[in-house]
>>> print(open('run-v1.pdb').read())   # PDB, N, CA and C atoms
ATOM      1  N   MET A   5      -5.905  -7.791  24.844
ATOM      2  CA  MET A   5      -5.285  -7.458  23.580
ATOM      3  C   MET A   5      -3.791  -7.701  23.659
ATOM      4  N   LYS A   6      -3.224  -8.213  22.595
ATOM      5  CA  LYS A   6      -1.797  -8.513  22.524
ATOM      6  C   LYS A   6      -0.982  -7.220  22.533
ATOM      7  N   GLU A   7       0.147  -7.254  23.241
ATOM      8  CA  GLU A   7       1.037  -6.098  23.258
ATOM      9  C   GLU A   7       1.708  -5.956  21.899
ATOM     10  N   ILE A   8       1.808  -4.720  21.441
ATOM     11  CA  ILE A   8       2.366  -4.449  20.113
ATOM     12  C   ILE A   8       3.823  -4.042  20.242
ATOM     13  N   ASP A   9       4.684  -4.697  19.497
ATOM     14  CA  ASP A   9       6.111  -4.381  19.476
ATOM     15  C   ASP A   9       6.306  -3.115  18.645
ATOM     16  N   PRO A  10       6.741  -2.014  19.273
ATOM     17  CA  PRO A  10       6.910  -0.756  18.530
ATOM     18  C   PRO A  10       7.916  -0.863  17.383
ATOM     19  N   GLY A  11       8.945  -1.665  17.547
ATOM     20  CA  GLY A  11       9.934  -1.845  16.491
ATOM     21  C   GLY A  11       9.334  -2.513  15.264
ATOM     22  N   GLU A  12       8.530  -3.537  15.501
ATOM     23  CA  GLU A  12       7.869  -4.225  14.381
ATOM     24  C   GLU A  12       6.831  -3.323  13.730
ATOM     25  N   LEU A  13       6.177  -2.504  14.546
ATOM     26  CA  LEU A  13       5.199  -1.562  14.010
ATOM     27  C   LEU A  13       5.880  -0.541  13.090
ATOM     28  N   GLU A  14       7.037  -0.063  13.495
ATOM     29  CA  GLU A  14       7.795   0.873  12.658
ATOM     30  C   GLU A  14       8.292   0.185  11.393
ATOM     31  N   ARG A  15       8.692  -1.072  11.526
ATOM     32  CA  ARG A  15       9.137  -1.840  10.362
ATOM     33  C   ARG A  15       8.002  -1.977   9.352
ATOM     34  N   LEU A  16       6.815  -2.268   9.849
ATOM     35  CA  LEU A  16       5.647  -2.383   8.977
ATOM     36  C   LEU A  16       5.334  -1.038   8.326
ATOM     37  N   GLY A  17       5.386   0.032   9.095
ATOM     38  CA  GLY A  17       5.133   1.360   8.548
ATOM     39  C   GLY A  17       6.116   1.710   7.450
ATOM     40  N   SER A  18       7.367   1.374   7.668
ATOM     41  CA  SER A  18       8.403   1.643   6.672
ATOM     42  C   SER A  18       8.153   0.842   5.390
ATOM     43  N   ALA A  19       7.808  -0.416   5.538
ATOM     44  CA  ALA A  19       7.528  -1.259   4.371
ATOM     45  C   ALA A  19       6.319  -0.736   3.606
ATOM     46  N   LEU A  20       5.326  -0.247   4.324
ATOM     47  CA  LEU A  20       4.144   0.295   3.661
ATOM     48  C   LEU A  20       4.469   1.581   2.911
ATOM     49  N   ARG A  21       5.360   2.401   3.451
ATOM     50  CA  ARG A  21       5.783   3.608   2.730
ATOM     51  C   ARG A  21       6.492   3.233   1.432
ATOM     52  N   LEU A  22       7.330   2.213   1.495
ATOM     53  CA  LEU A  22       7.999   1.740   0.279
ATOM     54  C   LEU A  22       6.985   1.206  -0.730
ATOM     55  N   ALA A  23       5.997   0.482  -0.234
ATOM     56  CA  ALA A  23       4.960  -0.057  -1.118
ATOM     57  C   ALA A  23       4.173   1.074  -1.775
ATOM     58  N   GLU A  24       3.855   2.109  -1.007
ATOM     59  CA  GLU A  24       3.136   3.254  -1.580
ATOM     60  C   GLU A  24       3.930   3.881  -2.718
ATOM     61  N   SER A  25       5.219   4.064  -2.472
ATOM     62  CA  SER A  25       6.081   4.671  -3.483
ATOM     63  C   SER A  25       6.149   3.798  -4.734
ATOM     64  N   ALA A  26       6.324   2.511  -4.541
ATOM     65  CA  ALA A  26       6.405   1.587  -5.675
ATOM     66  C   ALA A  26       5.095   1.562  -6.453
ATOM     67  N   LEU A  27       3.975   1.600  -5.758
ATOM     68  CA  LEU A  27       2.683   1.583  -6.445
ATOM     69  C   LEU A  27       2.440   2.877  -7.214
ATOM     70  N   GLU A  28       2.895   3.996  -6.685
ATOM     71  CA  GLU A  28       2.766   5.261  -7.416
ATOM     72  C   GLU A  28       3.544   5.187  -8.731
ATOM     73  N   GLU A  29       4.768   4.654  -8.664
ATOM     74  CA  GLU A  29       5.583   4.497  -9.875
ATOM     75  C   GLU A  29       4.925   3.527 -10.855
ATOM     76  N   ALA A  30       4.401   2.434 -10.334
ATOM     77  CA  ALA A  30       3.756   1.436 -11.189
ATOM     78  C   ALA A  30       2.513   2.016 -11.859
ATOM     79  N   LEU A  31       1.735   2.789 -11.120
ATOM     80  CA  LEU A  31       0.533   3.375 -11.696
ATOM     81  C   LEU A  31       0.897   4.364 -12.804
ATOM     82  N   GLU A  32       1.910   5.164 -12.565
ATOM     83  CA  GLU A  32       2.344   6.114 -13.594
ATOM     84  C   GLU A  32       2.801   5.381 -14.857
ATOM     85  N   ALA A  33       3.591   4.331 -14.669
ATOM     86  CA  ALA A  33       4.070   3.554 -15.821
ATOM     87  C   ALA A  33       2.911   2.892 -16.557
ATOM     88  N   ALA A  34       1.966   2.340 -15.813
ATOM     89  CA  ALA A  34       0.817   1.674 -16.441
ATOM     90  C   ALA A  34      -0.027   2.677 -17.219
ATOM     91  N   GLU A  35      -0.204   3.864 -16.667
ATOM     92  CA  GLU A  35      -0.976   4.889 -17.371
ATOM     93  C   GLU A  35      -0.243   5.338 -18.633
ATOM     94  N   ASN A  36       1.079   5.424 -18.559
ATOM     95  CA  ASN A  36       1.867   5.800 -19.738
ATOM     96  C   ASN A  36       1.793   4.747 -20.830
ATOM     97  N   LEU A  37       1.695   3.484 -20.447
ATOM     98  CA  LEU A  37       1.623   2.397 -21.422
ATOM     99  C   LEU A  37       0.254   2.295 -22.077
ATOM    100  N   GLY A  38      -0.760   2.762 -21.380
ATOM    101  CA  GLY A  38      -2.113   2.665 -21.929
ATOM    102  C   GLY A  38      -2.663   1.258 -21.789
ATOM    103  N   ASN A  39      -3.634   0.919 -22.600
ATOM    104  CA  ASN A  39      -4.306  -0.374 -22.515
ATOM    105  C   ASN A  39      -3.490  -1.427 -23.261
ATOM    106  N   PHE A  40      -2.524  -2.016 -22.585
ATOM    107  CA  PHE A  40      -1.629  -2.981 -23.220
ATOM    108  C   PHE A  40      -2.058  -4.422 -23.004
ATOM    109  N   ASP A  41      -3.061  -4.649 -22.181
ATOM    110  CA  ASP A  41      -3.521  -6.015 -21.924
ATOM    111  C   ASP A  41      -5.050  -5.995 -21.865
ATOM    112  N   ARG A  42      -5.674  -6.642 -22.831
ATOM    113  CA  ARG A  42      -7.133  -6.629 -22.890
ATOM    114  C   ARG A  42      -7.783  -7.409 -21.761
ATOM    115  N   ARG A  43      -7.036  -8.312 -21.134
ATOM    116  CA  ARG A  43      -7.626  -9.144 -20.081
ATOM    117  C   ARG A  43      -7.792  -8.393 -18.770
ATOM    118  N   PHE A  44      -6.919  -7.418 -18.505
ATOM    119  CA  PHE A  44      -6.905  -6.758 -17.204
ATOM    120  C   PHE A  44      -6.859  -5.247 -17.352
ATOM    121  N   ASP A  45      -7.479  -4.557 -16.445
ATOM    122  CA  ASP A  45      -7.350  -3.111 -16.339
ATOM    123  C   ASP A  45      -6.246  -2.864 -15.313
ATOM    124  N   VAL A  46      -5.018  -2.814 -15.795
ATOM    125  CA  VAL A  46      -3.855  -2.744 -14.914
ATOM    126  C   VAL A  46      -3.883  -1.509 -14.007
ATOM    127  N   PRO A  47      -4.146  -0.307 -14.532
ATOM    128  CA  PRO A  47      -4.197   0.848 -13.633
ATOM    129  C   PRO A  47      -5.243   0.687 -12.521
ATOM    130  N   ARG A  48      -6.367   0.096 -12.861
ATOM    131  CA  ARG A  48      -7.407  -0.117 -11.846
ATOM    132  C   ARG A  48      -6.928  -1.104 -10.777
ATOM    133  N   ALA A  49      -6.250  -2.141 -11.196
ATOM    134  CA  ALA A  49      -5.724  -3.116 -10.236
ATOM    135  C   ALA A  49      -4.699  -2.469  -9.311
ATOM    136  N   ILE A  50      -3.848  -1.626  -9.863
ATOM    137  CA  ILE A  50      -2.849  -0.941  -9.041
ATOM    138  C   ILE A  50      -3.526   0.015  -8.069
ATOM    139  N   ALA A  51      -4.554   0.711  -8.538
ATOM    140  CA  ALA A  51      -5.295   1.608  -7.649
ATOM    141  C   ALA A  51      -5.935   0.829  -6.501
ATOM    142  N   GLY A  52      -6.397  -0.370  -6.786
ATOM    143  CA  GLY A  52      -6.943  -1.224  -5.723
ATOM    144  C   GLY A  52      -5.883  -1.597  -4.706
ATOM    145  N   ALA A  53      -4.692  -1.895  -5.187
ATOM    146  CA  ALA A  53      -3.586  -2.212  -4.273
ATOM    147  C   ALA A  53      -3.233  -0.991  -3.427
ATOM    148  N   GLN A  54      -3.315   0.193  -4.030
ATOM    149  CA  GLN A  54      -3.041   1.416  -3.261
ATOM    150  C   GLN A  54      -4.052   1.583  -2.132
ATOM    151  N   ARG A  55      -5.312   1.271  -2.396
ATOM    152  CA  ARG A  55      -6.328   1.370  -1.340
ATOM    153  C   ARG A  55      -6.044   0.381  -0.215
ATOM    154  N   LEU A  56      -5.596  -0.811  -0.564
ATOM    155  CA  LEU A  56      -5.261  -1.800   0.469
ATOM    156  C   LEU A  56      -4.101  -1.319   1.338
ATOM    157  N   VAL A  57      -3.098  -0.724   0.714
ATOM    158  CA  VAL A  57      -1.956  -0.198   1.461
ATOM    159  C   VAL A  57      -2.421   0.950   2.367
ATOM    160  N   GLN A  58      -3.312   1.796   1.873
ATOM    161  CA  GLN A  58      -3.845   2.881   2.700
ATOM    162  C   GLN A  58      -4.580   2.327   3.913
ATOM    163  N   ASN A  59      -5.350   1.270   3.715
ATOM    164  CA  ASN A  59      -6.050   0.634   4.839
ATOM    165  C   ASN A  59      -5.057   0.101   5.863
ATOM    166  N   ALA A  60      -3.997  -0.516   5.385
ATOM    167  CA  ALA A  60      -2.972  -1.035   6.294
ATOM    168  C   ALA A  60      -2.297   0.110   7.048
ATOM    169  N   ASN A  61      -2.058   1.223   6.369
ATOM    170  CA  ASN A  61      -1.468   2.390   7.037
ATOM    171  C   ASN A  61      -2.383   2.917   8.135
ATOM    172  N   GLU A  62      -3.676   2.925   7.887
ATOM    173  CA  GLU A  62      -4.626   3.356   8.908
ATOM    174  C   GLU A  62      -4.569   2.436  10.119
ATOM    175  N   ALA A  63      -4.422   1.148   9.886
ATOM    176  CA  ALA A  63      -4.311   0.197  10.989
ATOM    177  C   ALA A  63      -3.031   0.445  11.787
ATOM    178  N   VAL A  64      -1.938   0.730  11.095
ATOM    179  CA  VAL A  64      -0.666   1.025  11.779
ATOM    180  C   VAL A  64      -0.820   2.287  12.601
ATOM    181  N   ASP A  65      -1.435   3.323  12.044
ATOM    182  CA  ASP A  65      -1.647   4.564  12.789
ATOM    183  C   ASP A  65      -2.483   4.334  14.044
ATOM    184  N   ALA A  66      -3.522   3.547  13.911
ATOM    185  CA  ALA A  66      -4.378   3.240  15.064
ATOM    186  C   ALA A  66      -3.592   2.472  16.120
ATOM    187  N   ALA A  67      -2.746   1.545  15.695
ATOM    188  CA  ALA A  67      -1.940   0.772  16.652
ATOM    189  C   ALA A  67      -0.919   1.682  17.346
ATOM    190  N   ARG A  68      -0.375   2.635  16.634
ATOM    191  CA  ARG A  68       0.569   3.591  17.249
ATOM    192  C   ARG A  68      -0.115   4.379  18.354
ATOM    193  N   GLU A  69      -1.340   4.786  18.105
ATOM    194  CA  GLU A  69      -2.089   5.554  19.105
ATOM    195  C   GLU A  69      -2.346   4.744  20.365
ATOM    196  N   LYS A  70      -2.546   3.433  20.200
ATOM    197  CA  LYS A  70      -2.867   2.562  21.331
ATOM    198  C   LYS A  70      -1.630   2.094  22.081
ATOM    199  N   SER A  71      -0.469   2.093  21.416
ATOM    200  CA  SER A  71       0.722   1.558  22.081
ATOM    201  C   SER A  71       1.310   2.631  23.009
ATOM    202  N   PRO A  72       1.914   2.147  24.104
ATOM    203  CA  PRO A  72       2.455   3.077  25.116
ATOM    204  C   PRO A  72       3.657   3.868  24.633
TER     205      PRO A  72
END
>>> encode(input="run-v1.pdb", output="structure tokens")
Amino acid sequence: MKEIDPGELERLGSALRLAESALEEALEAAENLGNFDRRFDVPRAIAGAQRLVQNANEAVDAAREKSP
């Protein structure tokens, strides 16, 4: 297994925290706007992005546990 750079891991964790915050704001704004685009369910798409970020956070946590 490749050695994990702790600095890069922290950088990724920090970026994911920023992404979580931005997605929370985006979801709130989309919910406030209501159904403004018939082609897409914007709140649902944002919620999907939040799940992806959560998955990435789980991977970062697992890598932290494995790194020395």
>>> atom_distance(input="run-v1.pdb", atom1="CA of Val57 in chain A", atom2="CA of Leu20 in chain A")
6.5 Å
>>> closest_residue(input="run-v1.pdb", among="A:Ala66, A:Ala51, A:Ala19, A:Leu56", to="Leu31 in chain A", atoms="only N, CA and C atoms")
A:Ala51
>>> residues_around(input="run-v1.pdb", residues="Ala34 in chain A", least_positions_apart="5", cutoff="9 Å", atoms="only C-alpha atoms", output="PyMOL selection string")
chain A and resi 29+39-40+46-47+50
>>> atom_distance(input="run-v1.pdb", atom1="atom C of Ala49 in chain A", atom2="atom C of Gly11 in chain A")
28.3 Å
>>> closest_residue(input="run-v1.pdb", among="A:Arg21, A:Leu16, A:Asp9, A:Leu37", to="Val64 in chain A", atoms="only N, CA and C atoms")
A:Leu16
>>> axis_aligned_box(input="run-v1.pdb", around="range 36-46 of chain A", padding_each_side="6 Å", output="JSON")
{"center_x": -3.0, "center_y": -1.7, "center_z": -18.6, "size_x": 21.7, "size_y": 26.9, "size_z": 21.3}
>>> atom_distance(input="run-v1.pdb", atom1="CA of Leu22 in chain A", atom2="CA of Arg43 in chain A")
27.9 Å
>>> closest_residue(input="run-v1.pdb", among="A:Gln54, A:Ser71, A:Asn36, A:Asn61", to="Ser18 in chain A", atoms="only C-alpha atoms")
A:Asn61
>>> select_by_dssp(input="run-v1.pdb", residues="chain A", states="helix (DSSP H, G or I)", output="MDAnalysis selection string")
chainID A and resid 10:37 46:70
>>> write_last_selection(input="run-v1.pdb", atoms="N, CA and C atoms", output="compact mmCIF listing (two decimals), in the coordinates of the input")
# COMPACT_ATOMS: atom_id res chain seq x y z
N PRO A 10 6.74 -2.01 19.27
CA PRO A 10 6.91 -0.76 18.53
C PRO A 10 7.92 -0.86 17.38
N GLY A 11 8.94 -1.66 17.55
CA GLY A 11 9.93 -1.84 16.49
C GLY A 11 9.33 -2.51 15.26
N GLU A 12 8.53 -3.54 15.50
CA GLU A 12 7.87 -4.22 14.38
C GLU A 12 6.83 -3.32 13.73
N LEU A 13 6.18 -2.50 14.55
CA LEU A 13 5.20 -1.56 14.01
C LEU A 13 5.88 -0.54 13.09
N GLU A 14 7.04 -0.06 13.50
CA GLU A 14 7.80 0.87 12.66
C GLU A 14 8.29 0.18 11.39
N ARG A 15 8.69 -1.07 11.53
CA ARG A 15 9.14 -1.84 10.36
C ARG A 15 8.00 -1.98 9.35
N LEU A 16 6.82 -2.27 9.85
CA LEU A 16 5.65 -2.38 8.98
C LEU A 16 5.33 -1.04 8.33
N GLY A 17 5.39 0.03 9.10
CA GLY A 17 5.13 1.36 8.55
C GLY A 17 6.12 1.71 7.45
N SER A 18 7.37 1.37 7.67
CA SER A 18 8.40 1.64 6.67
C SER A 18 8.15 0.84 5.39
N ALA A 19 7.81 -0.42 5.54
CA ALA A 19 7.53 -1.26 4.37
C ALA A 19 6.32 -0.74 3.61
N LEU A 20 5.33 -0.25 4.32
CA LEU A 20 4.14 0.30 3.66
C LEU A 20 4.47 1.58 2.91
N ARG A 21 5.36 2.40 3.45
CA ARG A 21 5.78 3.61 2.73
C ARG A 21 6.49 3.23 1.43
N LEU A 22 7.33 2.21 1.50
CA LEU A 22 8.00 1.74 0.28
C LEU A 22 6.98 1.21 -0.73
N ALA A 23 6.00 0.48 -0.23
CA ALA A 23 4.96 -0.06 -1.12
C ALA A 23 4.17 1.07 -1.78
N GLU A 24 3.86 2.11 -1.01
CA GLU A 24 3.14 3.25 -1.58
C GLU A 24 3.93 3.88 -2.72
N SER A 25 5.22 4.06 -2.47
CA SER A 25 6.08 4.67 -3.48
C SER A 25 6.15 3.80 -4.73
N ALA A 26 6.32 2.51 -4.54
CA ALA A 26 6.40 1.59 -5.68
C ALA A 26 5.10 1.56 -6.45
N LEU A 27 3.98 1.60 -5.76
CA LEU A 27 2.68 1.58 -6.44
C LEU A 27 2.44 2.88 -7.21
N GLU A 28 2.90 4.00 -6.68
CA GLU A 28 2.77 5.26 -7.42
C GLU A 28 3.54 5.19 -8.73
N GLU A 29 4.77 4.65 -8.66
CA GLU A 29 5.58 4.50 -9.88
C GLU A 29 4.92 3.53 -10.86
N ALA A 30 4.40 2.43 -10.33
CA ALA A 30 3.76 1.44 -11.19
C ALA A 30 2.51 2.02 -11.86
N LEU A 31 1.74 2.79 -11.12
CA LEU A 31 0.53 3.38 -11.70
C LEU A 31 0.90 4.36 -12.80
N GLU A 32 1.91 5.16 -12.56
CA GLU A 32 2.34 6.11 -13.59
C GLU A 32 2.80 5.38 -14.86
N ALA A 33 3.59 4.33 -14.67
CA ALA A 33 4.07 3.55 -15.82
C ALA A 33 2.91 2.89 -16.56
N ALA A 34 1.97 2.34 -15.81
CA ALA A 34 0.82 1.67 -16.44
C ALA A 34 -0.03 2.68 -17.22
N GLU A 35 -0.20 3.86 -16.67
CA GLU A 35 -0.98 4.89 -17.37
C GLU A 35 -0.24 5.34 -18.63
N ASN A 36 1.08 5.42 -18.56
CA ASN A 36 1.87 5.80 -19.74
C ASN A 36 1.79 4.75 -20.83
N LEU A 37 1.70 3.48 -20.45
CA LEU A 37 1.62 2.40 -21.42
C LEU A 37 0.25 2.30 -22.08
N VAL A 46 -5.02 -2.81 -15.80
CA VAL A 46 -3.86 -2.74 -14.91
C VAL A 46 -3.88 -1.51 -14.01
N PRO A 47 -4.15 -0.31 -14.53
CA PRO A 47 -4.20 0.85 -13.63
C PRO A 47 -5.24 0.69 -12.52
N ARG A 48 -6.37 0.10 -12.86
CA ARG A 48 -7.41 -0.12 -11.85
C ARG A 48 -6.93 -1.10 -10.78
N ALA A 49 -6.25 -2.14 -11.20
CA ALA A 49 -5.72 -3.12 -10.24
C ALA A 49 -4.70 -2.47 -9.31
N ILE A 50 -3.85 -1.63 -9.86
CA ILE A 50 -2.85 -0.94 -9.04
C ILE A 50 -3.53 0.02 -8.07
N ALA A 51 -4.55 0.71 -8.54
CA ALA A 51 -5.30 1.61 -7.65
C ALA A 51 -5.94 0.83 -6.50
N GLY A 52 -6.40 -0.37 -6.79
CA GLY A 52 -6.94 -1.22 -5.72
C GLY A 52 -5.88 -1.60 -4.71
N ALA A 53 -4.69 -1.90 -5.19
CA ALA A 53 -3.59 -2.21 -4.27
C ALA A 53 -3.23 -0.99 -3.43
N GLN A 54 -3.32 0.19 -4.03
CA GLN A 54 -3.04 1.42 -3.26
C GLN A 54 -4.05 1.58 -2.13
N ARG A 55 -5.31 1.27 -2.40
CA ARG A 55 -6.33 1.37 -1.34
C ARG A 55 -6.04 0.38 -0.22
N LEU A 56 -5.60 -0.81 -0.56
CA LEU A 56 -5.26 -1.80 0.47
C LEU A 56 -4.10 -1.32 1.34
N VAL A 57 -3.10 -0.72 0.71
CA VAL A 57 -1.96 -0.20 1.46
C VAL A 57 -2.42 0.95 2.37
N GLN A 58 -3.31 1.80 1.87
CA GLN A 58 -3.84 2.88 2.70
C GLN A 58 -4.58 2.33 3.91
N ASN A 59 -5.35 1.27 3.72
CA ASN A 59 -6.05 0.63 4.84
C ASN A 59 -5.06 0.10 5.86
N ALA A 60 -4.00 -0.52 5.38
CA ALA A 60 -2.97 -1.03 6.29
C ALA A 60 -2.30 0.11 7.05
N ASN A 61 -2.06 1.22 6.37
CA ASN A 61 -1.47 2.39 7.04
C ASN A 61 -2.38 2.92 8.14
N GLU A 62 -3.68 2.92 7.89
CA GLU A 62 -4.63 3.36 8.91
C GLU A 62 -4.57 2.44 10.12
N ALA A 63 -4.42 1.15 9.89
CA ALA A 63 -4.31 0.20 10.99
C ALA A 63 -3.03 0.44 11.79
N VAL A 64 -1.94 0.73 11.10
CA VAL A 64 -0.67 1.02 11.78
C VAL A 64 -0.82 2.29 12.60
N ASP A 65 -1.44 3.32 12.04
CA ASP A 65 -1.65 4.56 12.79
C ASP A 65 -2.48 4.33 14.04
N ALA A 66 -3.52 3.55 13.91
CA ALA A 66 -4.38 3.24 15.06
C ALA A 66 -3.59 2.47 16.12
N ALA A 67 -2.75 1.54 15.70
CA ALA A 67 -1.94 0.77 16.65
C ALA A 67 -0.92 1.68 17.35
N ARG A 68 -0.38 2.64 16.63
CA ARG A 68 0.57 3.59 17.25
C ARG A 68 -0.12 4.38 18.35
N GLU A 69 -1.34 4.79 18.10
CA GLU A 69 -2.09 5.55 19.10
C GLU A 69 -2.35 4.74 20.36
N LYS A 70 -2.55 3.43 20.20
CA LYS A 70 -2.87 2.56 21.33
C LYS A 70 -1.63 2.09 22.08
>>> resolve_selection(input="run-v1.pdb", expression="the PyMOL selection byres (((chain A and resi 67 and name CA) around 12) and name CA)", output="list in words")
Met5, Lys6, Glu7, Ile8, Asp9, Pro10, Glu12, Leu13, Glu14, Leu16, Gly17, Ala60, Asn61, Glu62, Ala63, Val64, Asp65, Ala66, Arg68, Glu69, Lys70, Ser71 and Pro72 of chain A
